[in-house]
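> You'll find data_3.csv just under this line, and it carries CSV, C-alpha atoms.
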chain,number,residue,atom,x,y,z
A,1,MET,CA,-20.8,-44.3,21.6
A,2,ARG,CA,-18.7,-44.4,18.4
A,3,ALA,CA,-19.8,-42.4,15.4
A,4,VAL,CA,-18.5,-41.2,12.1
A,5,THR,CA,-18.1,-37.4,12.3
A,6,TRP,CA,-17.5,-34.8,9.7
A,7,GLN,CA,-14.5,-32.6,10.4
A,8,GLY,CA,-13.8,-30.8,7.2
A,9,LYS,CA,-13.4,-31.3,3.4
A,10,ARG,CA,-12.4,-35.0,2.9
A,11,ASP,CA,-11.9,-35.4,6.6
A,12,VAL,CA,-14.2,-37.8,8.4
A,13,ARG,CA,-13.3,-39.4,11.7
A,14,VAL,CA,-14.7,-42.0,14.1
A,15,GLU,CA,-15.0,-40.5,17.5
A,16,ASN,CA,-16.6,-41.0,20.9
A,17,VAL,CA,-19.7,-38.9,21.2
A,18,PRO,CA,-22.6,-38.8,23.7
A,19,ASP,CA,-25.2,-41.6,23.4
A,20,PRO,CA,-28.6,-40.4,22.1
A,21,HIS,CA,-31.6,-40.4,24.4
A,22,ILE,CA,-35.4,-39.9,24.1
A,23,LYS,CA,-36.2,-36.2,23.7
A,24,ASP,CA,-39.8,-36.3,22.4
A,25,PRO,CA,-42.6,-38.7,23.0
A,26,THR,CA,-42.5,-39.9,19.4
A,27,ASP,CA,-38.8,-40.8,19.5
A,28,ALA,CA,-37.2,-44.2,19.5
A,29,ILE,CA,-33.6,-45.3,20.1
A,30,VAL,CA,-32.2,-47.9,17.7
A,31,ARG,CA,-29.0,-49.9,18.1
A,32,ILE,CA,-27.5,-49.9,14.6
A,33,THR,CA,-26.3,-53.2,13.2
A,34,SER,CA,-25.4,-52.0,9.7
A,35,SER,CA,-25.3,-48.6,8.0
A,36,GLY,CA,-24.7,-47.9,4.3
A,37,LEU,CA,-22.3,-45.4,2.8
A,38,CYS,CA,-24.3,-43.5,0.1
A,39,GLY,CA,-23.2,-41.5,-2.9
A,40,SER,CA,-25.0,-38.5,-1.3
A,41,ASP,CA,-22.6,-38.8,1.6
A,42,LEU,CA,-19.8,-38.0,-0.8
A,43,HIS,CA,-21.4,-34.6,-1.6
A,44,LEU,CA,-20.9,-33.8,2.1
A,45,TYR,CA,-17.3,-35.1,1.9
A,46,GLU,CA,-16.5,-32.3,-0.6
A,47,VAL,CA,-19.1,-30.2,-2.4
A,48,LEU,CA,-21.6,-29.4,0.4
A,49,THR,CA,-19.0,-28.6,3.0
A,50,PRO,CA,-20.2,-25.0,3.5
A,51,PHE,CA,-23.4,-26.4,5.1
A,52,MET,CA,-21.6,-28.7,7.5
A,53,THR,CA,-20.4,-28.2,11.0
A,54,PRO,CA,-17.4,-30.0,12.5
A,55,GLY,CA,-18.7,-32.9,14.6
A,56,ASP,CA,-21.8,-33.5,12.5
A,57,ILE,CA,-22.6,-37.3,12.6
A,58,LEU,CA,-23.0,-38.7,9.1
A,59,GLY,CA,-25.1,-41.5,7.6
A,60,HIS,CA,-28.7,-42.2,6.6
A,61,GLU,CA,-29.0,-45.8,5.6
A,62,PRO,CA,-29.5,-47.9,8.8
A,63,ILE,CA,-30.9,-51.1,10.0
A,64,GLY,CA,-30.9,-52.1,13.7
A,65,VAL,CA,-32.8,-53.1,16.7
A,66,VAL,CA,-35.2,-50.9,18.8
A,67,GLU,CA,-33.8,-50.3,22.3
A,68,GLU,CA,-36.3,-47.8,23.7
A,69,VAL,CA,-39.4,-46.0,22.6
A,70,GLY,CA,-41.2,-42.8,23.6
A,71,PRO,CA,-44.7,-43.0,25.1
A,72,GLU,CA,-46.5,-42.1,21.8
A,73,VAL,CA,-44.7,-44.8,19.8
A,74,THR,CA,-47.2,-47.7,20.1
A,75,ASN,CA,-46.3,-49.6,16.9
A,76,LEU,CA,-42.8,-50.5,18.1
A,77,GLN,CA,-41.3,-52.2,21.1
A,78,PRO,CA,-37.8,-53.0,22.3
A,79,GLY,CA,-36.3,-55.9,20.4
A,80,ASP,CA,-38.0,-55.1,17.0
A,81,ARG,CA,-35.8,-55.2,14.0
A,82,VAL,CA,-36.3,-52.1,11.9
A,83,VAL,CA,-35.0,-50.3,8.8
A,84,VAL,CA,-35.0,-46.5,9.2
A,85,PRO,CA,-35.8,-44.4,6.1
A,86,PHE,CA,-33.4,-41.6,5.4
A,87,GLN,CA,-36.1,-38.9,5.7
A,88,ILE,CA,-38.0,-38.0,8.9
A,89,ALA,CA,-41.7,-37.7,8.4
A,90,CYS,CA,-44.8,-37.8,10.6
A,91,GLY,CA,-47.2,-39.9,8.4
A,92,HIS,CA,-50.3,-37.8,9.2
A,93,CYS,CA,-49.8,-34.3,7.6
A,94,TRP,CA,-51.3,-33.5,4.2
A,95,MET,CA,-48.0,-34.1,2.4
A,96,CYS,CA,-47.4,-37.5,4.0
A,97,ARG,CA,-51.0,-38.6,3.3
A,98,THR,CA,-50.5,-37.5,-0.3
A,99,GLY,CA,-47.5,-39.8,-0.6
A,100,LEU,CA,-44.8,-37.2,-0.3
A,101,PRO,CA,-43.1,-37.8,3.0
A,102,THR,CA,-40.0,-35.9,1.7
A,103,GLN,CA,-42.2,-32.8,2.0
A,104,CYS,CA,-43.5,-33.6,5.5
A,105,GLU,CA,-45.1,-30.5,6.9
A,106,THR,CA,-44.3,-31.5,10.4
A,107,THR,CA,-40.5,-31.8,9.9
A,108,GLN,CA,-39.9,-29.4,7.0
A,109,VAL,CA,-36.8,-27.3,7.6
A,110,ALA,CA,-38.7,-24.1,7.1
A,111,ASP,CA,-35.9,-21.8,8.2
A,112,GLU,CA,-33.8,-23.0,5.3
A,113,GLY,CA,-36.7,-23.2,2.8
A,114,MET,CA,-36.3,-27.0,2.5
A,115,GLY,CA,-38.4,-30.1,2.7
A,116,ALA,CA,-38.5,-32.8,5.4
A,117,ALA,CA,-35.6,-33.3,7.7
A,118,LEU,CA,-33.0,-35.9,6.8
A,119,PHE,CA,-30.6,-38.0,9.0
A,120,GLY,CA,-27.0,-36.9,8.8
A,121,TYR,CA,-27.4,-34.3,6.0
A,122,THR,CA,-26.3,-30.7,6.7
A,123,ARG,CA,-28.1,-27.8,8.4
A,124,LEU,CA,-30.2,-27.4,5.2
A,125,TYR,CA,-32.0,-30.6,6.3
A,126,GLY,CA,-32.1,-30.0,10.0
A,127,ALA,CA,-28.6,-31.1,11.1
A,128,VAL,CA,-30.1,-34.3,12.6
A,129,PRO,CA,-27.4,-36.7,13.9
A,130,GLY,CA,-26.9,-39.5,11.4
A,131,ALA,CA,-26.8,-43.3,11.4
A,132,GLN,CA,-23.1,-44.2,10.9
A,133,ALA,CA,-23.0,-44.8,14.6
A,134,GLU,CA,-23.7,-47.3,17.3
A,135,TYR,CA,-27.0,-45.8,18.2
A,136,LEU,CA,-29.5,-43.5,16.5
A,137,ARG,CA,-32.3,-41.3,17.9
A,138,VAL,CA,-35.2,-41.7,15.5
A,139,PRO,CA,-37.8,-38.8,15.6
A,140,GLN,CA,-41.3,-39.5,14.4
A,141,ALA,CA,-40.8,-43.2,15.1
A,142,GLN,CA,-44.6,-43.8,15.1
A,143,PHE,CA,-44.3,-43.6,11.3
A,144,GLY,CA,-40.8,-43.9,9.9
A,145,PRO,CA,-39.2,-47.3,10.9
A,146,ILE,CA,-40.1,-50.3,8.8
A,147,LYS,CA,-40.3,-53.6,10.8
A,148,VAL,CA,-38.6,-56.5,9.1
A,149,PRO,CA,-38.3,-60.2,10.0
A,150,GLU,CA,-35.6,-61.7,12.1
A,151,GLY,CA,-33.2,-64.2,10.6
A,152,PRO,CA,-31.8,-63.1,7.2
A,153,PRO,CA,-28.6,-61.0,7.2
A,154,ASP,CA,-28.9,-57.2,7.3
A,155,ASP,CA,-28.1,-57.1,3.5
A,156,ARG,CA,-31.5,-58.5,2.8
A,157,TYR,CA,-33.3,-55.5,4.2
A,158,VAL,CA,-30.9,-52.5,4.7
A,159,TYR,CA,-31.5,-51.1,1.2
A,160,LEU,CA,-35.1,-50.4,2.1
A,161,SER,CA,-33.7,-47.3,3.8
A,162,ASP,CA,-32.6,-45.6,0.6
A,163,VAL,CA,-31.2,-47.6,-2.3
A,164,LEU,CA,-34.3,-49.6,-3.2
A,165,PRO,CA,-36.9,-46.8,-2.8
A,166,THR,CA,-34.7,-44.3,-4.6
A,167,ALA,CA,-34.1,-46.6,-7.5
A,168,TRP,CA,-37.7,-47.7,-7.6
A,169,GLN,CA,-38.9,-44.1,-7.7
A,170,ALA,CA,-36.4,-43.3,-10.4
A,171,VAL,CA,-37.9,-46.0,-12.6
A,172,GLU,CA,-41.4,-45.0,-11.6
A,173,TYR,CA,-40.8,-41.4,-12.5
A,174,ALA,CA,-39.2,-42.5,-15.8
A,175,GLY,CA,-42.7,-43.5,-16.9
A,176,LEU,CA,-41.2,-46.3,-19.0
A,177,PRO,CA,-43.7,-48.2,-21.1
A,178,ARG,CA,-43.6,-52.0,-20.9
A,179,GLY,CA,-41.2,-53.1,-23.7
A,180,GLY,CA,-39.6,-49.6,-23.7
A,181,THR,CA,-36.0,-48.6,-23.8
A,182,LEU,CA,-34.1,-47.0,-20.9
A,183,VAL,CA,-30.7,-45.5,-20.4
A,184,VAL,CA,-29.2,-45.1,-16.9
A,185,LEU,CA,-26.4,-42.6,-16.5
A,186,GLY,CA,-24.1,-43.7,-13.7
A,187,LEU,CA,-23.8,-47.3,-12.4
A,188,GLY,CA,-23.2,-46.6,-8.8
A,189,PRO,CA,-25.6,-48.1,-6.2
A,190,ILE,CA,-28.7,-46.3,-7.4
A,191,GLY,CA,-28.0,-46.6,-11.1
A,192,ASP,CA,-27.1,-50.3,-10.7
A,193,MET,CA,-30.3,-51.0,-8.7
A,194,ALA,CA,-32.4,-48.9,-11.1
A,195,CYS,CA,-31.2,-51.1,-14.0
A,196,ARG,CA,-32.3,-54.2,-12.1
A,197,ILE,CA,-35.7,-52.8,-11.2
A,198,ALA,CA,-36.3,-51.6,-14.8
A,199,ARG,CA,-35.6,-55.1,-16.2
A,200,LEU,CA,-37.8,-56.7,-13.5
A,201,ARG,CA,-40.6,-54.3,-14.4
A,202,GLY,CA,-40.5,-55.2,-18.1
A,203,ALA,CA,-38.1,-52.9,-19.9
A,204,GLU,CA,-37.1,-54.4,-23.2
A,205,VAL,CA,-33.7,-52.8,-23.4
A,206,VAL,CA,-31.7,-51.3,-20.5
A,207,MET,CA,-28.5,-49.5,-21.3
A,208,GLY,CA,-26.0,-48.3,-18.6
A,209,VAL,CA,-23.3,-45.7,-19.0
A,210,ASP,CA,-20.3,-45.3,-16.7
A,211,LEU,CA,-16.5,-45.2,-16.9
A,212,VAL,CA,-15.5,-47.5,-14.0
A,213,PRO,CA,-14.8,-51.1,-15.3
A,214,GLY,CA,-16.0,-52.9,-12.2
A,215,ARG,CA,-19.4,-51.1,-12.3
A,216,LEU,CA,-19.8,-51.8,-16.0
A,217,GLN,CA,-19.1,-55.4,-15.4
A,218,ARG,CA,-21.6,-55.6,-12.5
A,219,ALA,CA,-24.3,-54.2,-14.8
A,220,ARG,CA,-23.4,-56.6,-17.7
A,221,GLU,CA,-23.9,-59.5,-15.3
A,222,GLN,CA,-27.4,-58.3,-14.8
A,223,GLY,CA,-28.2,-58.3,-18.5
A,224,VAL,CA,-27.6,-54.5,-19.0
A,225,GLU,CA,-26.1,-53.3,-22.3
A,226,THR,CA,-23.2,-51.1,-21.2
A,227,TYR,CA,-21.3,-48.1,-22.7
A,228,ASP,CA,-17.9,-47.1,-21.3
A,229,LEU,CA,-17.5,-43.3,-21.5
A,230,GLY,CA,-13.8,-43.8,-22.0
A,231,ASP,CA,-14.6,-45.4,-25.4
A,232,PHE,CA,-16.0,-42.1,-26.8
A,233,ASP,CA,-14.3,-38.9,-27.8
A,234,ASP,CA,-17.1,-36.7,-26.6
A,235,ARG,CA,-20.7,-36.6,-25.6
A,236,ALA,CA,-21.9,-36.4,-29.2
A,237,ALA,CA,-20.3,-39.7,-30.1
A,238,LEU,CA,-22.0,-41.5,-27.1
A,239,VAL,CA,-25.3,-40.0,-28.0
A,240,ALA,CA,-24.9,-41.1,-31.7
A,241,ALA,CA,-24.1,-44.7,-30.6
A,242,ILE,CA,-27.2,-45.0,-28.4
A,243,ARG,CA,-29.4,-43.4,-31.0
A,244,ASP,CA,-28.2,-46.0,-33.5
A,245,ARG,CA,-29.3,-48.6,-31.0
A,246,THR,CA,-32.8,-47.1,-30.7
A,247,ASP,CA,-33.8,-46.6,-34.4
A,248,GLY,CA,-32.3,-43.1,-34.5
A,249,ARG,CA,-34.8,-41.7,-31.9
A,250,GLY,CA,-33.1,-42.1,-28.6
A,251,PRO,CA,-34.4,-44.1,-25.6
A,252,ASP,CA,-37.9,-43.6,-24.2
A,253,ALA,CA,-36.5,-42.5,-20.9
A,254,VAL,CA,-33.1,-41.6,-19.2
A,255,ILE,CA,-32.4,-41.9,-15.5
A,256,ASP,CA,-29.6,-39.5,-14.4
A,257,ALA,CA,-28.2,-41.3,-11.3
A,258,VAL,CA,-25.0,-39.1,-11.3
A,259,GLY,CA,-26.0,-35.7,-10.1
A,260,THR,CA,-23.9,-32.7,-9.2
A,261,GLU,CA,-20.4,-34.3,-9.3
A,262,ALA,CA,-20.5,-35.6,-12.9
A,263,HIS,CA,-17.3,-36.2,-14.8
A,264,GLY,CA,-16.6,-34.0,-17.7
A,265,SER,CA,-17.8,-30.8,-16.1
A,266,VAL,CA,-14.5,-28.9,-15.8
A,267,ALA,CA,-15.9,-25.4,-15.2
A,268,GLY,CA,-18.4,-26.7,-12.7
A,269,ARG,CA,-15.8,-28.7,-10.8
A,270,LEU,CA,-13.5,-25.6,-10.5
A,271,ALA,CA,-16.4,-23.5,-9.3
A,272,GLN,CA,-17.3,-26.1,-6.6
A,273,GLN,CA,-13.7,-26.4,-5.5
A,274,ALA,CA,-13.2,-22.7,-5.3
A,275,ALA,CA,-16.3,-22.3,-3.1
A,276,THR,CA,-15.0,-24.9,-0.6
A,277,MET,CA,-11.9,-22.8,-0.1
A,278,LEU,CA,-13.8,-19.8,1.2
A,279,PRO,CA,-14.8,-19.3,4.9
A,280,SER,CA,-17.8,-21.5,5.5
A,281,SER,CA,-20.2,-18.6,6.1
A,282,TRP,CA,-19.2,-16.9,2.8
A,283,ALA,CA,-19.3,-20.2,0.9
A,284,ALA,CA,-22.7,-21.1,2.2
A,285,ARG,CA,-24.2,-17.7,1.1
A,286,LEU,CA,-22.5,-18.1,-2.3
A,287,ALA,CA,-23.9,-21.6,-2.8
A,288,GLU,CA,-27.4,-20.5,-1.7
A,289,LYS,CA,-27.4,-17.6,-4.2
A,290,ALA,CA,-25.1,-18.6,-7.0
A,291,GLY,CA,-24.2,-22.3,-6.7
A,292,THR,CA,-23.6,-24.3,-9.8
A,293,ASP,CA,-23.6,-28.0,-10.6
A,294,ARG,CA,-21.4,-30.2,-12.8
A,295,LEU,CA,-24.1,-30.7,-15.5
A,296,ALA,CA,-22.4,-33.1,-17.9
A,297,ALA,CA,-24.7,-36.0,-17.0
A,298,LEU,CA,-27.9,-33.9,-17.2
A,299,TYR,CA,-26.9,-32.4,-20.6
A,300,THR,CA,-26.2,-35.9,-21.8
A,301,ALA,CA,-29.7,-37.0,-20.7
A,302,ILE,CA,-31.3,-34.1,-22.5
A,303,ASP,CA,-29.4,-34.9,-25.7
A,304,LEU,CA,-30.1,-38.7,-25.5
A,305,VAL,CA,-33.8,-38.9,-24.7
A,306,ARG,CA,-36.2,-39.2,-27.6
A,307,ARG,CA,-38.6,-36.4,-28.4
A,308,GLY,CA,-41.5,-36.7,-26.0
A,309,GLY,CA,-39.5,-38.9,-23.7
A,310,THR,CA,-38.9,-38.6,-19.9
A,311,ILE,CA,-35.8,-37.7,-17.9
A,312,SER,CA,-35.9,-39.0,-14.3
A,313,LEU,CA,-33.4,-37.3,-11.9
A,314,SER,CA,-32.3,-39.3,-8.8
A,315,GLY,CA,-28.8,-37.9,-8.7
A,316,VAL,CA,-28.6,-34.9,-6.3
A,317,TYR,CA,-28.3,-31.4,-7.7
A,318,GLY,CA,-28.0,-28.2,-5.7
A,319,GLY,CA,-27.0,-25.3,-7.9
A,320,MET,CA,-29.2,-22.2,-7.8
A,321,LEU,CA,-27.8,-20.8,-11.1
A,322,SER,CA,-27.2,-24.0,-13.1
A,323,PRO,CA,-28.1,-23.2,-16.7
A,324,LEU,CA,-30.4,-25.5,-18.6
A,325,PRO,CA,-31.1,-25.6,-22.4
A,326,LEU,CA,-34.7,-24.7,-22.1
A,327,LEU,CA,-35.2,-24.2,-25.8
A,328,THR,CA,-34.1,-27.7,-26.5
A,329,MET,CA,-36.1,-29.2,-23.7
A,330,PHE,CA,-39.2,-27.3,-24.8
A,331,ASP,CA,-38.7,-28.2,-28.4
A,332,LYS,CA,-38.1,-31.9,-27.7
A,333,GLN,CA,-41.2,-31.9,-25.4
A,334,ILE,CA,-39.1,-33.5,-22.6
A,335,GLN,CA,-40.9,-34.5,-19.4
A,336,LEU,CA,-38.7,-34.0,-16.3
A,337,ARG,CA,-39.3,-35.6,-12.9
A,338,MET,CA,-37.1,-35.5,-9.9
A,339,GLY,CA,-36.8,-35.4,-6.1
A,340,GLN,CA,-35.7,-37.3,-3.0
A,341,ALA,CA,-37.3,-40.7,-2.8
A,342,ASN,CA,-40.6,-40.9,-0.8
A,343,VAL,CA,-39.4,-44.1,1.0
A,344,ARG,CA,-42.6,-45.1,2.8
A,345,ARG,CA,-44.7,-44.6,-0.3
A,346,TRP,CA,-42.9,-47.5,-2.0
A,347,VAL,CA,-42.4,-49.9,0.8
A,348,ASP,CA,-45.5,-52.1,-0.1
A,349,ASP,CA,-44.1,-52.5,-3.6
A,350,LEU,CA,-40.6,-53.3,-2.4
A,351,LEU,CA,-41.2,-55.7,0.5
A,352,PRO,CA,-42.2,-58.6,-1.7
A,353,LEU,CA,-39.0,-58.2,-3.6
A,354,VAL,CA,-36.8,-58.8,-0.6
A,355,THR,CA,-37.9,-62.4,-0.4
A,356,ASP,CA,-36.2,-65.7,-0.4
A,357,GLU,CA,-36.0,-65.6,-4.2
A,358,ASP,CA,-34.1,-62.3,-4.0
A,359,PRO,CA,-35.0,-61.2,-7.6
A,360,LEU,CA,-33.0,-58.0,-7.3
A,361,GLY,CA,-29.8,-59.6,-5.9
A,362,VAL,CA,-29.7,-57.6,-2.7
A,363,ASP,CA,-27.9,-60.4,-0.8
A,364,ASP,CA,-24.8,-59.9,-2.9
A,365,PHE,CA,-25.2,-56.2,-3.7
A,366,ALA,CA,-22.6,-54.8,-1.2
A,367,SER,CA,-19.1,-54.8,-2.5
A,368,HIS,CA,-17.6,-54.2,0.9
A,369,HIS,CA,-18.5,-54.9,4.6
A,370,LEU,CA,-16.3,-52.8,6.9
A,371,PRO,CA,-16.2,-52.1,10.6
A,372,LEU,CA,-17.3,-48.6,11.6
A,373,ASP,CA,-13.8,-47.7,12.6
A,374,ASP,CA,-12.7,-48.1,9.0
A,375,ALA,CA,-15.1,-45.3,7.8
A,376,PRO,CA,-12.3,-42.9,6.8
A,377,HIS,CA,-10.9,-45.5,4.5
A,378,ALA,CA,-14.4,-46.4,3.2
A,379,TYR,CA,-15.1,-42.7,2.3
A,380,LYS,CA,-11.7,-42.5,0.5
A,381,ILE,CA,-12.0,-45.5,-1.7
A,382,PHE,CA,-15.7,-44.9,-2.5
A,383,GLN,CA,-15.0,-41.3,-3.6
A,384,ARG,CA,-11.9,-42.4,-5.6
A,385,LYS,CA,-13.7,-45.4,-7.0
A,386,GLU,CA,-10.8,-47.6,-5.8
A,387,GLU,CA,-10.8,-51.3,-4.8
A,388,ASP,CA,-14.0,-51.8,-6.8
A,389,ALA,CA,-16.0,-50.0,-4.1
A,390,VAL,CA,-19.6,-49.8,-5.3
A,391,LYS,CA,-21.6,-50.3,-2.1
A,392,ILE,CA,-20.1,-50.2,1.3
A,393,LEU,CA,-21.9,-51.3,4.5
A,394,LEU,CA,-20.4,-50.2,7.9
A,395,ARG,CA,-20.9,-52.3,10.9
A,396,PRO,CA,-20.5,-50.9,14.4
In structure tokens, what does this structure look like?

Amino acid sequence: MRAVTWQGKRDVRVENVPDPHIKDPTDAIVRITSSGLCGSDLHLYEVLTPFMTPGDILGHEPIGVVEEVGPEVTNLQPGDRVVVPFQIACGHCWMCRTGLPTQCETTQVADEGMGAALFGYTRLYGAVPGAQAEYLRVPQAQFGPIKVPEGPPDDRYVYLSDVLPTAWQAVEYAGLPRGGTLVVLGLGPIGDMACRIARLRGAEVVMGVDLVPGRLQRAREQGVETYDLGDFDDRAALVAAIRDRTDGRGPDAVIDAVGTEAHGSVAGRLAQQAATMLPSSWAARLAEKAGTDRLAALYTAIDLVRRGGTISLSGVYGGMLSPLPLLTMFDKQIQLRMGQANVRRWVDDLLPLVTDEDPLGVDDFASHHLPLDDAPHAYKIFQRKEEDAVKILLRP
């Protein structure tokens, strides 16, 4: 089959690789019809390269059709249309039953000290072959795949794999009171969708911050008040402008949808780039013990949020020695929630929203639909924020 493979820093290629097959009785094989390119994939493209191996198959946002199931998968049959969540979870362990499939005790990558295995996401999360491919082996298929109706285009449902539950959890974790004020830092796919969800759930004011004109325009079209980072001399000026909009207090909650590759973090960027130049085994040990993040977005969130407010992190961070201003956080009584989205936990809330009315605008959410063979170009324009690339779907 054809698949998108990682070959090195900023080097992805579409290659012929062996077709997957059933290995365990709880496996299924899914023929992929669409697969999203996620901001988290860009971390593999550059920052997390020490944890990658040439030939790793990328991707974790698929929709497709079941081709084959193992003998213990009784809830699916060939021909079913399914969305596959990005994490691999069993559904029956204590963590899964508690609503935390990201911490599944059956698939935890214990050797690396990490949570549930993920599709297409480094050896830290199990080095499981990913979904930017023609076919995908789905472990724990008795629980993971979400059956969806035939008929509507893939765009209607594919975001149940990651974008929708990640944005929903970001808003849920923000603890926003009805009629409250929210700032979303970063208007990529997750930040954009979090703005839409927050407005749907009753936020009075939703403000979005970014520096890409096309992303700011998309948010404005959804009724979001936007702030262009390029219009401000520094973080303090941005914070002052938003505080003025919120009676001098700051917003009730801030969602950081940026993560470790934030703009404006010069020292962090240099440290990350230097690490990727080392031999992979050295770089991995360094990242595990002394890794740092670009923290400009998180520092901005800490400055922005009102006293007693909440910061919700959906952007991925990975630094082991990233410094935080704990005195400020303690004094402001900031509540902080974070983590990978627990996809299956939110499915019942989200399925009614991918309806004929399409209140979240999923049908038009993708900025690009590209064939799988164009994946190298897709990664390039998405990372460089060129061609108004906000959300890209790849089609085998």
> With all atoms listed in the file as the counted atoms, please give the residues lying no more than 6 Å from range 184-201 of chain A, apart from itself and same-chain residues fewer than 3 positions off, as a count of residues only.
12
> Please report the interatomic distance between CA of Val347 in chain A and CA of Thr26 in chain A in Å with one decimal.
21.1 Å
> Here is a test: counting only C-alpha atoms, which residue of A:Gln383, A:Thr102, A:Asn75, A:Gln140 is nearest to Cys90 in chain A?
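Looking at the shortest contact to Cys90 in chain A, the residue is A:Gln140.
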> Check the smallest atom-to-atom distance from each of A:Leu164, A:Cys96, A:Cys104, A:Ile88 to Trp346 in chain A using all atoms listed in the file, then report the winner.
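That would be A:Leu164, the residue with the smallest distance to Trp346 in chain A.
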> Between CA of Pro323 in chain A and CA of Thr310 in chain A, what is the spacing in Å?
19.1 Å
> For a test of reading the model, state the distance in Å between CA of Thr181 in chain A and CA of Leu313 in chain A, rounded to one decimal.
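Here the two named atoms are 16.6 Å from each other.
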> Quick one: which range 70-165 of chain A residues come within 10 Å of range 42-59 of chain A, and what is the nearest atom pair for each with the distance in Å to one decimal, counting only C-alpha atoms, rows ordered by chain and ascending number, as JSON lines?

{"residue": "A:Phe86", "atom": "CA", "partner": "A:Gly59", "partner_atom": "CA", "distance": 8.6}
{"residue": "A:Leu118", "atom": "CA", "partner": "A:Gly59", "partner_atom": "CA", "distance": 9.7}
{"residue": "A:Phe119", "atom": "CA", "partner": "A:Gly59", "partner_atom": "CA", "distance": 6.7}
{"residue": "A:Gly120", "atom": "CA", "partner": "A:Leu58", "partner_atom": "CA", "distance": 4.4}
{"residue": "A:Tyr121", "atom": "CA", "partner": "A:Leu58", "partner_atom": "CA", "distance": 7.0}
{"residue": "A:Thr122", "atom": "CA", "partner": "A:Met52", "partner_atom": "CA", "distance": 5.2}
{"residue": "A:Arg123", "atom": "CA", "partner": "A:Phe51", "partner_atom": "CA", "distance": 5.9}
{"residue": "A:Leu124", "atom": "CA", "partner": "A:Phe51", "partner_atom": "CA", "distance": 6.9}
{"residue": "A:Tyr125", "atom": "CA", "partner": "A:Phe51", "partner_atom": "CA", "distance": 9.6}
{"residue": "A:Ala127", "atom": "CA", "partner": "A:Asp56", "partner_atom": "CA", "distance": 7.3}
{"residue": "A:Val128", "atom": "CA", "partner": "A:Ile57", "partner_atom": "CA", "distance": 8.1}
{"residue": "A:Pro129", "atom": "CA", "partner": "A:Ile57", "partner_atom": "CA", "distance": 5.0}
{"residue": "A:Gly130", "atom": "CA", "partner": "A:Leu58", "partner_atom": "CA", "distance": 4.6}
{"residue": "A:Ala131", "atom": "CA", "partner": "A:Gly59", "partner_atom": "CA", "distance": 4.5}
{"residue": "A:Gln132", "atom": "CA", "partner": "A:Gly59", "partner_atom": "CA", "distance": 4.7}
{"residue": "A:Ala133", "atom": "CA", "partner": "A:Ile57", "partner_atom": "CA", "distance": 7.8}
> Contacts of range 236-245 of chain A at 7 Å or less, counting only C-alpha atoms, minus same-chain residues fewer than 5 places along, as a PyMOL selection string?
chain A and resi 250+303-304
> From the options A:Phe365, A:Leu326, A:His21, A:Asp27, which residue's atoms come nearest to Tyr299 in chain A, counting all atoms listed in the file?
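Looking only at the distances to Tyr299 in chain A, the closest residue turns out to be A:Leu326.
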> Counting all atoms listed in the file, which residues in range 169-229 of chain A sit no more than 12 Å from range 330-340 of chain A? For each one, give the nearest pair of atoms and the distance in Å, sorted by chain then residue number, as JSON lines.

{"residue": "A:Gln169", "atom": "CA", "partner": "A:Gln340", "partner_atom": "CA", "distance": 8.9}
{"residue": "A:Ala170", "atom": "CA", "partner": "A:Met338", "partner_atom": "CA", "distance": 7.8}
{"residue": "A:Val171", "atom": "CA", "partner": "A:Arg337", "partner_atom": "CA", "distance": 10.5}
{"residue": "A:Glu172", "atom": "CA", "partner": "A:Arg337", "partner_atom": "CA", "distance": 9.7}
{"residue": "A:Tyr173", "atom": "CA", "partner": "A:Arg337", "partner_atom": "CA", "distance": 6.0}
{"residue": "A:Ala174", "atom": "CA", "partner": "A:Arg337", "partner_atom": "CA", "distance": 7.5}
{"residue": "A:Gly175", "atom": "CA", "partner": "A:Arg337", "partner_atom": "CA", "distance": 9.5}
{"residue": "A:Leu176", "atom": "CA", "partner": "A:Gln335", "partner_atom": "CA", "distance": 11.8}
> Which is closer to Ala141 in chain A than all the others in A:Val206, A:Ala253, A:Pro20, A:Thr74, using only C-alpha atoms?
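Selected residue with least distance to Ala141 in chain A: A:Thr74.
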> Using only C-alpha atoms, which residue out of A:Asp155, A:Asp11, A:Asp111, A:Glu67 lies closest to Val354 in chain A?
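Going through A:Asp155, A:Asp11, A:Asp111, A:Glu67 one by one, the smallest distance to Val354 in chain A is for A:Asp155.
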> Could you give me, as a compact mmCIF listing (two decimals) with C-alpha atoms, keeping the file's coordinate frame, the residues within 7 Å of Val82 in chain A, counting only C-alpha atoms and dropping anything in the same chain fewer than 4 positions from it?

# COMPACT_ATOMS: atom_id res chain seq x y z
CA ILE A 63 -30.90 -51.10 10.00
CA GLY A 64 -30.90 -52.10 13.70
CA VAL A 65 -32.80 -53.10 16.70
CA PRO A 145 -39.20 -47.30 10.90
CA ILE A 146 -40.10 -50.30 8.80
CA LYS A 147 -40.30 -53.60 10.80
CA VAL A 148 -38.60 -56.50 9.10
> Give me the residues near Pro71 in chain A as a list in words, where near means some atom within 7 Å (using only C-alpha atoms) and where sequence neighbours in that chain fewer than 2 positions away do not count.
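The filter keeps Pro25, Thr26, Val69 and Val73 of chain A.
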> Take the residues just selected and output them with C-alpha atoms as a CSV table (one decimal), in the coordinates of the input.

chain,number,residue,atom,x,y,z
A,25,PRO,CA,-42.6,-38.7,23.0
A,26,THR,CA,-42.5,-39.9,19.4
A,69,VAL,CA,-39.4,-46.0,22.6
A,73,VAL,CA,-44.7,-44.8,19.8
> Hey, what's within 6 Å of Arg178 in chain A if we count only C-alpha atoms and toss same-chain stuff fewer than 2 positions away? As a list in words, please?
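That gives Gly180, Gly202 and Ala203 of chain A.
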